[in-house]
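What follows is the content of work.txt (compact mmCIF, C-alpha atoms).
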# COMPACT_ATOMS: atom_id res chain seq x y z
CA MET A 1 -42.86 79.26 -157.43
CA ILE A 2 -45.30 82.04 -158.22
CA ASP A 3 -48.09 81.25 -160.72
CA ALA A 4 -50.01 83.59 -163.02
CA ALA A 5 -52.52 84.47 -160.31
CA GLY A 6 -49.74 85.27 -157.86
CA ILE A 7 -47.98 87.44 -160.42
CA LYS A 8 -51.18 89.43 -160.92
CA ARG A 9 -51.28 90.10 -157.22
CA LEU A 10 -47.71 91.42 -157.25
CA LEU A 11 -47.61 93.44 -160.49
CA PRO A 12 -50.01 96.17 -161.58
CA HIS A 13 -49.62 95.17 -165.26
CA ARG A 14 -52.50 93.38 -166.98
CA HIS A 15 -52.85 91.24 -170.10
CA PRO A 16 -51.87 91.59 -172.82
CA MET A 17 -49.15 93.81 -171.32
CA LEU A 18 -48.47 91.48 -168.41
CA LEU A 19 -45.48 89.68 -169.88
CA ILE A 20 -44.54 87.16 -167.19
CA ASP A 21 -46.22 83.75 -166.83
CA ARG A 22 -44.44 82.14 -163.91
CA VAL A 23 -41.67 82.68 -161.39
CA VAL A 24 -39.63 79.49 -160.95
CA GLU A 25 -36.94 80.68 -158.59
CA LEU A 26 -36.94 83.49 -156.07
CA VAL A 27 -34.42 84.53 -153.47
CA PRO A 28 -35.91 87.79 -152.14
CA GLY A 29 -33.44 90.64 -152.21
CA ASP A 30 -31.02 88.62 -154.36
CA ARG A 31 -32.26 86.93 -157.55
CA LEU A 32 -35.22 85.66 -159.51
CA VAL A 33 -35.88 83.43 -162.52
CA ALA A 34 -39.15 83.95 -164.40
CA LEU A 35 -40.69 82.44 -167.54
CA LYS A 36 -42.73 83.91 -170.35
CA ALA A 37 -44.01 81.77 -173.23
CA ILE A 38 -44.24 83.49 -176.60
CA THR A 39 -47.32 82.69 -178.68
CA CYS A 40 -48.79 83.79 -181.99
CA ASN A 41 -51.91 84.84 -180.09
CA GLU A 42 -50.26 87.96 -178.76
CA PRO A 43 -51.69 91.21 -180.16
CA TRP A 44 -48.38 92.27 -181.73
CA TYR A 45 -48.79 89.48 -184.31
CA ARG A 46 -52.37 90.35 -185.19
CA HIS A 47 -51.44 92.61 -188.09
CA LEU A 48 -49.44 89.91 -189.85
CA GLY A 49 -51.00 88.73 -193.09
CA GLU A 50 -51.19 85.21 -194.48
CA ASP A 51 -48.00 85.73 -196.43
CA ALA A 52 -45.91 87.08 -193.51
CA ALA A 53 -42.25 86.12 -193.80
CA PRO A 54 -40.63 84.05 -191.00
CA GLU A 55 -38.59 87.03 -189.76
CA GLU A 56 -41.77 89.03 -189.26
CA PHE A 57 -42.54 86.69 -186.36
CA GLY A 58 -39.56 88.01 -184.44
CA TYR A 59 -40.82 89.13 -181.03
CA PRO A 60 -40.65 92.94 -180.64
CA ARG A 61 -37.45 93.87 -178.82
CA THR A 62 -39.16 96.58 -176.81
CA LEU A 63 -41.43 93.91 -175.36
CA LEU A 64 -38.50 91.62 -174.58
CA VAL A 65 -37.07 94.49 -172.54
CA GLU A 66 -40.48 95.12 -170.94
CA SER A 67 -40.87 91.46 -170.06
CA TRP A 68 -37.43 91.29 -168.42
CA GLY A 69 -38.23 94.55 -166.64
CA GLN A 70 -41.40 93.03 -165.22
CA ALA A 71 -39.34 90.12 -163.89
CA ALA A 72 -37.05 92.69 -162.27
CA GLY A 73 -40.13 94.43 -160.88
CA LEU A 74 -41.23 91.17 -159.27
CA LEU A 75 -37.85 90.79 -157.59
CA ALA A 76 -38.05 94.39 -156.40
CA VAL A 77 -41.50 93.92 -154.96
CA CYS A 78 -40.63 90.59 -153.30
CA GLY A 79 -37.36 91.99 -151.99
CA ALA A 80 -39.15 95.06 -150.68
CA GLU A 81 -41.70 92.97 -148.84
CA ALA A 82 -38.85 91.15 -147.12
CA ALA A 83 -36.87 94.32 -146.35
CA GLY A 84 -39.74 96.71 -145.66
CA GLY A 85 -38.77 98.75 -148.72
CA PRO A 86 -40.79 100.48 -151.45
CA THR A 87 -44.19 98.79 -151.46
CA GLY A 88 -47.34 100.50 -152.69
CA GLN A 89 -45.32 102.67 -155.05
CA VAL A 90 -45.33 102.94 -158.82
CA MET A 91 -42.36 101.25 -160.47
CA LEU A 92 -40.72 103.03 -163.38
CA ALA A 93 -37.98 101.72 -165.63
CA GLY A 94 -35.63 104.66 -165.19
CA SER A 95 -32.62 103.82 -167.32
CA MET A 96 -30.91 100.87 -168.92
CA SER A 97 -27.28 100.28 -169.80
CA GLY A 98 -25.55 97.65 -171.85
CA VAL A 99 -28.70 96.12 -173.30
CA GLU A 100 -27.73 93.63 -176.00
CA PHE A 101 -29.88 91.42 -178.22
CA HIS A 102 -28.11 88.22 -179.20
CA ARG A 103 -30.74 86.25 -181.10
CA PRO A 104 -34.31 86.69 -182.32
CA VAL A 105 -37.21 85.26 -180.33
CA HIS A 106 -40.15 83.54 -182.01
CA PRO A 107 -43.53 82.04 -181.12
CA GLY A 108 -42.96 78.75 -179.32
CA ASP A 109 -39.94 80.08 -177.48
CA VAL A 110 -39.98 80.31 -173.71
CA LEU A 111 -38.10 83.26 -172.27
CA GLU A 112 -36.17 82.48 -169.12
CA HIS A 113 -35.48 85.80 -167.47
CA ARG A 114 -32.68 85.80 -164.92
CA VAL A 115 -32.58 88.90 -162.76
CA ARG A 116 -30.03 89.69 -160.08
CA LEU A 117 -30.14 92.57 -157.65
CA PHE A 118 -27.18 94.86 -158.24
CA ARG A 119 -27.96 97.45 -155.55
CA ALA A 120 -31.06 98.50 -153.67
CA LEU A 121 -31.60 102.03 -152.33
CA THR A 122 -34.67 103.47 -150.66
CA ASP A 123 -36.49 104.52 -153.81
CA THR A 124 -34.28 103.07 -156.52
CA VAL A 125 -33.29 99.50 -157.30
CA ILE A 126 -30.65 98.47 -159.84
CA PHE A 127 -30.67 95.08 -161.52
CA GLU A 128 -28.54 93.08 -163.93
CA GLY A 129 -29.15 89.83 -165.77
CA GLU A 130 -30.09 88.11 -168.98
CA THR A 131 -32.78 86.23 -170.85
CA LEU A 132 -32.21 82.72 -172.11
CA VAL A 133 -34.15 80.85 -174.77
CA GLY A 134 -33.54 77.11 -174.85
CA GLY A 135 -30.35 77.62 -172.85
CA GLU A 136 -29.05 80.23 -175.31
CA VAL A 137 -28.56 83.83 -174.27
CA ALA A 138 -31.00 86.04 -176.17
CA LEU A 139 -30.75 89.30 -174.25
CA THR A 140 -28.33 90.75 -171.70
CA PHE A 141 -28.65 93.73 -169.37
CA SER A 142 -25.59 95.30 -167.76
CA ARG A 143 -27.94 97.34 -165.63
CA MET A 144 -31.54 98.45 -165.34
CA VAL A 145 -32.31 101.25 -162.91
CA MET A 146 -35.83 101.08 -161.56
CA ALA A 147 -37.26 104.05 -159.71
CA PHE A 148 -40.10 103.83 -157.23
CA ARG A 149 -42.23 106.91 -156.83
CA PRO A 150 -45.45 107.57 -154.92
CA GLY A 151 -48.40 107.28 -157.27
CA ASP A 152 -49.69 110.75 -156.39
CA GLN A 153 -46.50 112.31 -157.80
CA LEU A 154 -47.30 110.82 -161.17
CA ARG A 155 -50.96 111.66 -161.58
CA PRO A 156 -52.28 115.01 -162.78
CA SER A 157 -52.82 117.32 -159.84
CA ALA A 158 -56.34 118.25 -158.75
CA SER A 159 -55.86 121.86 -159.86
CA ALA A 160 -56.93 122.35 -163.48
CA ASP A 161 -54.10 124.66 -164.52
CA GLN A 162 -51.33 122.54 -163.11
CA VAL A 163 -50.41 119.15 -164.48
CA ALA A 164 -47.77 117.06 -162.79
CA ALA A 165 -45.11 115.96 -165.25
CA PRO A 166 -44.80 112.17 -165.29
CA ALA A 167 -41.02 112.45 -165.27
CA VAL A 168 -38.62 110.83 -162.89
CA PRO A 169 -37.33 113.58 -160.61
CA MET B 1 -3.00 118.56 -161.38
CA SER B 2 -1.81 115.75 -159.25
CA VAL B 3 -3.48 114.21 -156.27
CA THR B 4 -1.37 112.34 -153.75
CA TYR B 5 -2.39 110.72 -150.54
CA SER B 6 -0.46 109.27 -147.67
CA ASP B 7 -1.36 105.66 -147.60
CA PRO B 8 -0.58 103.90 -144.33
CA ALA B 9 -2.37 100.72 -145.38
CA GLY B 10 0.02 100.29 -148.28
CA ALA B 11 -2.67 100.12 -150.96
CA ALA B 12 -2.00 102.05 -154.17
CA PRO B 13 -3.67 105.47 -154.23
CA LEU B 14 -6.68 105.68 -156.43
CA ASP B 15 -5.70 106.91 -159.86
CA MET B 16 -7.87 109.82 -161.01
CA ASP B 17 -7.48 108.99 -164.68
CA GLU B 18 -8.37 105.36 -164.17
CA LEU B 19 -11.50 106.52 -162.38
CA ARG B 20 -12.18 109.04 -165.17
CA GLY B 21 -12.02 106.23 -167.72
CA ILE B 22 -14.48 104.10 -165.77
CA VAL B 23 -16.93 106.98 -165.30
CA ALA B 24 -16.68 107.97 -168.98
CA ASP B 25 -17.36 104.38 -169.92
CA ILE B 26 -20.52 104.20 -167.81
CA LEU B 27 -21.76 107.57 -169.06
CA GLU B 28 -20.81 106.73 -172.64
CA VAL B 29 -18.89 109.97 -173.07
CA ASP B 30 -15.32 110.78 -173.96
CA ALA B 31 -12.90 110.62 -171.01
CA THR B 32 -11.72 114.15 -171.88
CA ASP B 33 -15.26 115.42 -171.24
CA VAL B 34 -15.18 114.17 -167.67
CA ALA B 35 -13.29 117.06 -166.10
CA ASP B 36 -12.42 116.68 -162.42
CA ASP B 37 -15.10 119.11 -161.32
CA ALA B 38 -17.63 118.66 -164.11
CA ASP B 39 -21.06 118.24 -162.56
CA PHE B 40 -22.50 114.98 -163.90
CA MET B 41 -25.97 116.46 -164.19
CA GLU B 42 -25.27 120.12 -165.03
CA ASP B 43 -22.27 119.71 -167.31
CA LEU B 44 -22.52 116.19 -168.65
CA GLU B 45 -26.29 116.15 -169.04
CA VAL B 46 -26.66 112.98 -167.05
CA ASP B 47 -29.94 112.42 -165.24
CA SER B 48 -30.14 111.69 -161.53
CA LEU B 49 -30.67 107.97 -162.05
CA MET B 50 -27.63 107.64 -164.23
CA ALA B 51 -25.54 109.60 -161.74
CA LEU B 52 -26.67 107.08 -159.16
CA GLU B 53 -25.73 104.27 -161.51
CA VAL B 54 -22.20 105.63 -161.81
CA ILE B 55 -21.69 105.52 -158.07
CA VAL B 56 -23.09 102.05 -157.52
CA VAL B 57 -20.92 100.68 -160.32
CA LEU B 58 -17.89 102.25 -158.63
CA GLU B 59 -18.95 100.64 -155.35
CA LYS B 60 -18.99 97.22 -156.98
CA LYS B 61 -15.78 97.80 -158.85
CA TYR B 62 -13.82 98.88 -155.78
CA GLY B 63 -15.61 96.63 -153.32
CA VAL B 64 -16.82 99.39 -151.02
CA LYS B 65 -20.26 100.42 -149.87
CA PHE B 66 -21.44 103.99 -149.51
CA ALA B 67 -24.20 105.12 -147.23
CA GLU B 68 -27.20 106.27 -149.23
CA ALA B 69 -26.73 109.92 -148.20
CA GLU B 70 -23.05 109.82 -149.24
CA LEU B 71 -23.87 108.23 -152.51
CA ARG B 72 -26.39 110.89 -153.47
CA GLN B 73 -23.94 113.70 -152.75
CA VAL B 74 -21.48 112.60 -155.39
CA VAL B 75 -22.04 114.59 -158.58
CA SER B 76 -18.51 114.98 -159.90
CA LEU B 77 -15.41 112.93 -160.55
CA ARG B 78 -13.49 114.71 -157.79
CA GLN B 79 -16.21 113.97 -155.25
CA ALA B 80 -16.29 110.33 -156.35
CA HIS B 81 -12.51 110.18 -156.03
CA GLU B 82 -12.54 111.72 -152.56
CA LEU B 83 -15.27 109.47 -151.25
CA LEU B 84 -13.71 106.34 -152.73
CA THR B 85 -10.29 107.21 -151.36
CA GLN B 86 -11.79 107.72 -147.94
CA LYS B 87 -13.61 104.39 -148.09
CA LEU B 88 -10.61 102.48 -149.39
CA ARG B 89 -8.45 103.95 -146.64
CA ALA B 90 -10.95 102.99 -143.96
CA ARG B 91 -11.09 99.44 -145.21
Reformat the file's structure so that it appears as structure tokens.
Amino acid sequence: MIDAAGIKRLLPHRHPMLLIDRVVELVPGDRLVALKAITCNEPWYRHLGEDAAPEEFGYPRTLLVESWGQAAGLLAVCGAEAAGGPTGQVMLAGSMSGVEFHRPVHPGDVLEHRVRLFRALTDTVIFEGETLVGGEVALTFSRMVMAFRPGDQLRPSASADQVAAPAVP
Amino acid sequence: MSVTYSDPAGAAPLDMDELRGIVADILEVDATDVADDADFMEDLEVDSLMALEVIVVLEKKYGVKFAEAELRQVVSLRQAHELLTQKLRAR
């Protein structure tokens, strides 16, 4: 198991954008199960007024994808440590295929992200998996392609007239 | 055009149109757009990561494994067909 402190050591993300609370199962280079508890305290609910309708508490889908992606990132980083792969690099969600939302997610729900390694290359890792809520499938991913690039490729260059594009080459 | 291969192992030759259908499905384009020599990136406007995705899905589907250098060379249906045929034959 990896706790919140351990997750912070492995991922560069920080609260409130760090969207994983705990890793409950990890087979490096193969699969990972991670949890994220949804609460009303998250900033994306701050704008809701007193009279907000129940459906307005639906967790933003973009953040469900981000949260699952962070779980995938943890598997990539742990797998890489075991295999001597891409450590110390910036992880980028490159592309996603077959992403399906099956049910809304609300405060009080605990996301159970299941991530499986589909294929690992030197600077690219491909994952598949799903997110369960109370044993029910809420989100499925046919594939997520994650690219690893050296941080210096992504930052603006030192020269003033030349700015590195933060695109995936 | 037709592509035929001698097949000493007795396995069925890889059908180009079946492969075309699979690739079109992954790229979410019409199968007729995936011409044999269409360059995934130049002609089908697929980015490098998606081109990679196509190949690794084919690997899984056909139960073969490409070396990383081989895998990155494949940018068209014909190349994918050739490489897959070669791998299936060697199996």
Inset, instruction - May I ask you to extract the residues of chain B within 8 Å of chain A, using only C-alpha atoms, and to give them as a PyMOL selection string? - result: chain B and resi 48-50+53+56+68
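With atom CA of A:Arg114 on one side and atom CA of A:Arg22 on the other, the separation reads 12.4 Å.
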List as a PDB file with C-alpha atoms, in the frame of the given file: which residues have an atom within 12 Å of (-21.4, 98.1, -148.3), counting all atoms listed in the file?
ATOM      1  CA  PHE A 118     -27.180  94.860-158.240  1.00  0.00           C
ATOM      2  CA  ARG A 119     -27.960  97.450-155.550  1.00  0.00           C
ATOM      3  CA  ALA A 120     -31.060  98.500-153.670  1.00  0.00           C
ATOM      4  CA  LEU A 121     -31.600 102.030-152.330  1.00  0.00           C
TER       5      LEU A 121
ATOM      6  CA  VAL B  56     -23.090 102.050-157.520  1.00  0.00           C
ATOM      7  CA  LEU B  58     -17.890 102.250-158.630  1.00  0.00           C
ATOM      8  CA  GLU B  59     -18.950 100.640-155.350  1.00  0.00           C
ATOM      9  CA  LYS B  60     -18.990  97.220-156.980  1.00  0.00           C
ATOM     10  CA  LYS B  61     -15.780  97.800-158.850  1.00  0.00           C
ATOM     11  CA  TYR B  62     -13.820  98.880-155.780  1.00  0.00           C
ATOM     12  CA  GLY B  63     -15.610  96.630-153.320  1.00  0.00           C
ATOM     13  CA  VAL B  64     -16.820  99.390-151.020  1.00  0.00           C
ATOM     14  CA  LYS B  65     -20.260 100.420-149.870  1.00  0.00           C
ATOM     15  CA  PHE B  66     -21.440 103.990-149.510  1.00  0.00           C
ATOM     16  CA  ALA B  67     -24.200 105.120-147.230  1.00  0.00           C
ATOM     17  CA  GLU B  68     -27.200 106.270-149.230  1.00  0.00           C
ATOM     18  CA  GLU B  70     -23.050 109.820-149.240  1.00  0.00           C
ATOM     19  CA  LEU B  71     -23.870 108.230-152.510  1.00  0.00           C
ATOM     20  CA  LYS B  87     -13.610 104.390-148.090  1.00  0.00           C
ATOM     21  CA  LEU B  88     -10.610 102.480-149.390  1.00  0.00           C
ATOM     22  CA  ARG B  91     -11.090  99.440-145.210  1.00  0.00           C
TER      23      ARG B  91
END
Legend entry - Interatomic distance (Å, one decimal) between atom CA of A:Asp3 and atom CA of A:Asp21: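 So the two atoms, atom CA of A:Asp3 and atom CA of A:Asp21, lie 6.9 Å apart.
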Legend entry - Selection: 8 Å around B:Ala35, all atoms listed in the file, excl. self and same-chain fewer than 3 positions, as a list in words: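 Once the adjacent positions are removed, what remains is Thr32, Ala38 and Leu77 of chain B.
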Residue contacts of A:His106 (6 Å, all atoms listed in the file) excluding same-chain residues fewer than 2 positions away, as a CSV table (one decimal) with C-alpha atoms, in the frame of the given file:
chain,number,residue,atom,x,y,z
A,57,PHE,CA,-42.5,86.7,-186.4
A,58,GLY,CA,-39.6,88.0,-184.4
A,59,TYR,CA,-40.8,89.1,-181.0
A,109,ASP,CA,-39.9,80.1,-177.5
Inset, instruction - Rank A:Val105, A:Val99, A:Val65, A:Leu32 by their smallest atom-to-atom distance to A:Ser142, using only C-alpha atoms, and report the top residue only. - result: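 Among the listed residues, the smallest separation from A:Ser142 belongs to A:Val99.
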Inset, instruction - For A:Val24, work out the shell of residues within 12 Å, counting only C-alpha atoms and skipping chain neighbours fewer than 4 positions away, then give it as a list in words. - result: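 My list of contacting residues is Met1, Ile2, Asp3, Ala4, Ile7, Ile20, Arg31, Leu32, Val33, Ala34, Leu35, Lys36, Ala71, Leu74, Leu75, Glu112, His113, Arg114 and Val115 of chain A.
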Inset, instruction - Quick one: pull the distance between atom CA of A:Ile38 and atom CA of A:Leu18, Å, one decimal. - result: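 Atom CA of A:Ile38 sits 12.2 Å away from atom CA of A:Leu18.
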Report the centre and edge lengths, in Å to one decimal, of an axis-aligned box enclosing every atom of stretch 56-61 of chain A listed in the file, padded by 6 Å on each side, as JSON.
{"center_x": -40.0, "center_y": 90.3, "center_z": -184.0, "size_x": 17.1, "size_y": 19.2, "size_z": 22.4}
Inset, instruction - Have a look at A:Arg9, A:Glu42, A:Asp123, A:Ala76 and name the one nearest to B:Leu52; count all atoms listed in the file. - result: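 Between A:Arg9, A:Glu42, A:Asp123, A:Ala76, the residue approaching B:Leu52 most closely is A:Asp123.
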Inset, instruction - Excluding B:Ser76 and any residue of its chain fewer than 3 positions from it, enumerate the residues within 12 Å of it, using all atoms listed in the file, and give them as an MDAnalysis selection string. - result: chainID B and resid 16 19:20 23:24 33:44 46 51:52 54:55 71:73 79:83
Inset, instruction - May I have the protein, DNA and RNA residues with any atom at most 12 Å from the point (-50.3, 94.2, -181.3), counting only C-alpha atoms, written as a list in words? - result: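 Answer for this query, in the requested form: His15, Pro16, Met17, Cys40, Asn41, Glu42, Pro43, Trp44, Tyr45, Arg46, His47, Leu48, Phe57, Tyr59, Pro60 and Leu63 of chain A.
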Could you please fill out stretch 21-37 of chain B with N, CA and C atoms and send it back as a PDB file, in the frame of the given file?
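Generated file (rebuild_24.pdb):
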ATOM      1  N   GLY B  21     -11.735 107.182-166.640  1.00  0.00           N
ATOM      2  CA  GLY B  21     -12.020 106.230-167.720  1.00  0.00           C
ATOM      3  C   GLY B  21     -13.255 105.395-167.414  1.00  0.00           C
ATOM      4  N   ILE B  22     -13.344 104.946-166.171  1.00  0.00           N
ATOM      5  CA  ILE B  22     -14.480 104.100-165.770  1.00  0.00           C
ATOM      6  C   ILE B  22     -15.787 104.909-165.837  1.00  0.00           C
ATOM      7  N   VAL B  23     -15.721 106.127-165.305  1.00  0.00           N
ATOM      8  CA  VAL B  23     -16.930 106.980-165.300  1.00  0.00           C
ATOM      9  C   VAL B  23     -17.346 107.306-166.734  1.00  0.00           C
ATOM     10  N   ALA B  24     -16.377 107.641-167.579  1.00  0.00           N
ATOM     11  CA  ALA B  24     -16.680 107.970-168.980  1.00  0.00           C
ATOM     12  C   ALA B  24     -17.332 106.785-169.673  1.00  0.00           C
ATOM     13  N   ASP B  25     -16.840 105.600-169.335  1.00  0.00           N
ATOM     14  CA  ASP B  25     -17.360 104.380-169.920  1.00  0.00           C
ATOM     15  C   ASP B  25     -18.826 104.163-169.546  1.00  0.00           C
ATOM     16  N   ILE B  26     -19.137 104.388-168.283  1.00  0.00           N
ATOM     17  CA  ILE B  26     -20.520 104.200-167.810  1.00  0.00           C
ATOM     18  C   ILE B  26     -21.435 105.247-168.445  1.00  0.00           C
ATOM     19  N   LEU B  27     -20.930 106.489-168.521  1.00  0.00           N
ATOM     20  CA  LEU B  27     -21.760 107.570-169.060  1.00  0.00           C
ATOM     21  C   LEU B  27     -21.752 107.619-170.579  1.00  0.00           C
ATOM     22  N   GLU B  28     -20.931 106.769-171.182  1.00  0.00           N
ATOM     23  CA  GLU B  28     -20.810 106.730-172.640  1.00  0.00           C
ATOM     24  C   GLU B  28     -20.418 108.093-173.204  1.00  0.00           C
ATOM     25  N   VAL B  29     -19.446 108.719-172.566  1.00  0.00           N
ATOM     26  CA  VAL B  29     -18.890 109.970-173.070  1.00  0.00           C
ATOM     27  C   VAL B  29     -17.382 109.806-173.197  1.00  0.00           C
ATOM     28  N   ASP B  30     -16.754 110.797-173.801  1.00  0.00           N
ATOM     29  CA  ASP B  30     -15.320 110.780-173.960  1.00  0.00           C
ATOM     30  C   ASP B  30     -14.663 111.093-172.620  1.00  0.00           C
ATOM     31  N   ALA B  31     -13.572 110.388-172.299  1.00  0.00           N
ATOM     32  CA  ALA B  31     -12.900 110.620-171.010  1.00  0.00           C
ATOM     33  C   ALA B  31     -12.488 112.084-170.852  1.00  0.00           C
ATOM     34  N   THR B  32     -12.154 112.747-171.968  1.00  0.00           N
ATOM     35  CA  THR B  32     -11.720 114.150-171.880  1.00  0.00           C
ATOM     36  C   THR B  32     -12.875 115.070-171.453  1.00  0.00           C
ATOM     37  N   ASP B  33     -14.106 114.610-171.656  1.00  0.00           N
ATOM     38  CA  ASP B  33     -15.260 115.420-171.240  1.00  0.00           C
ATOM     39  C   ASP B  33     -15.493 115.356-169.734  1.00  0.00           C
ATOM     40  N   VAL B  34     -14.956 114.316-169.104  1.00  0.00           N
ATOM     41  CA  VAL B  34     -15.180 114.170-167.670  1.00  0.00           C
ATOM     42  C   VAL B  34     -14.070 114.927-166.921  1.00  0.00           C
ATOM     43  N   ALA B  35     -14.239 116.230-166.847  1.00  0.00           N
ATOM     44  CA  ALA B  35     -13.290 117.060-166.100  1.00  0.00           C
ATOM     45  C   ALA B  35     -13.451 116.755-164.618  1.00  0.00           C
ATOM     46  N   ASP B  36     -12.391 117.026-163.850  1.00  0.00           N
ATOM     47  CA  ASP B  36     -12.420 116.680-162.420  1.00  0.00           C
ATOM     48  C   ASP B  36     -13.651 117.222-161.704  1.00  0.00           C
ATOM     49  N   ASP B  37     -14.003 118.472-162.036  1.00  0.00           N
ATOM     50  CA  ASP B  37     -15.100 119.110-161.320  1.00  0.00           C
ATOM     51  C   ASP B  37     -16.377 119.245-162.154  1.00  0.00           C
TER      52      ASP B  37
END
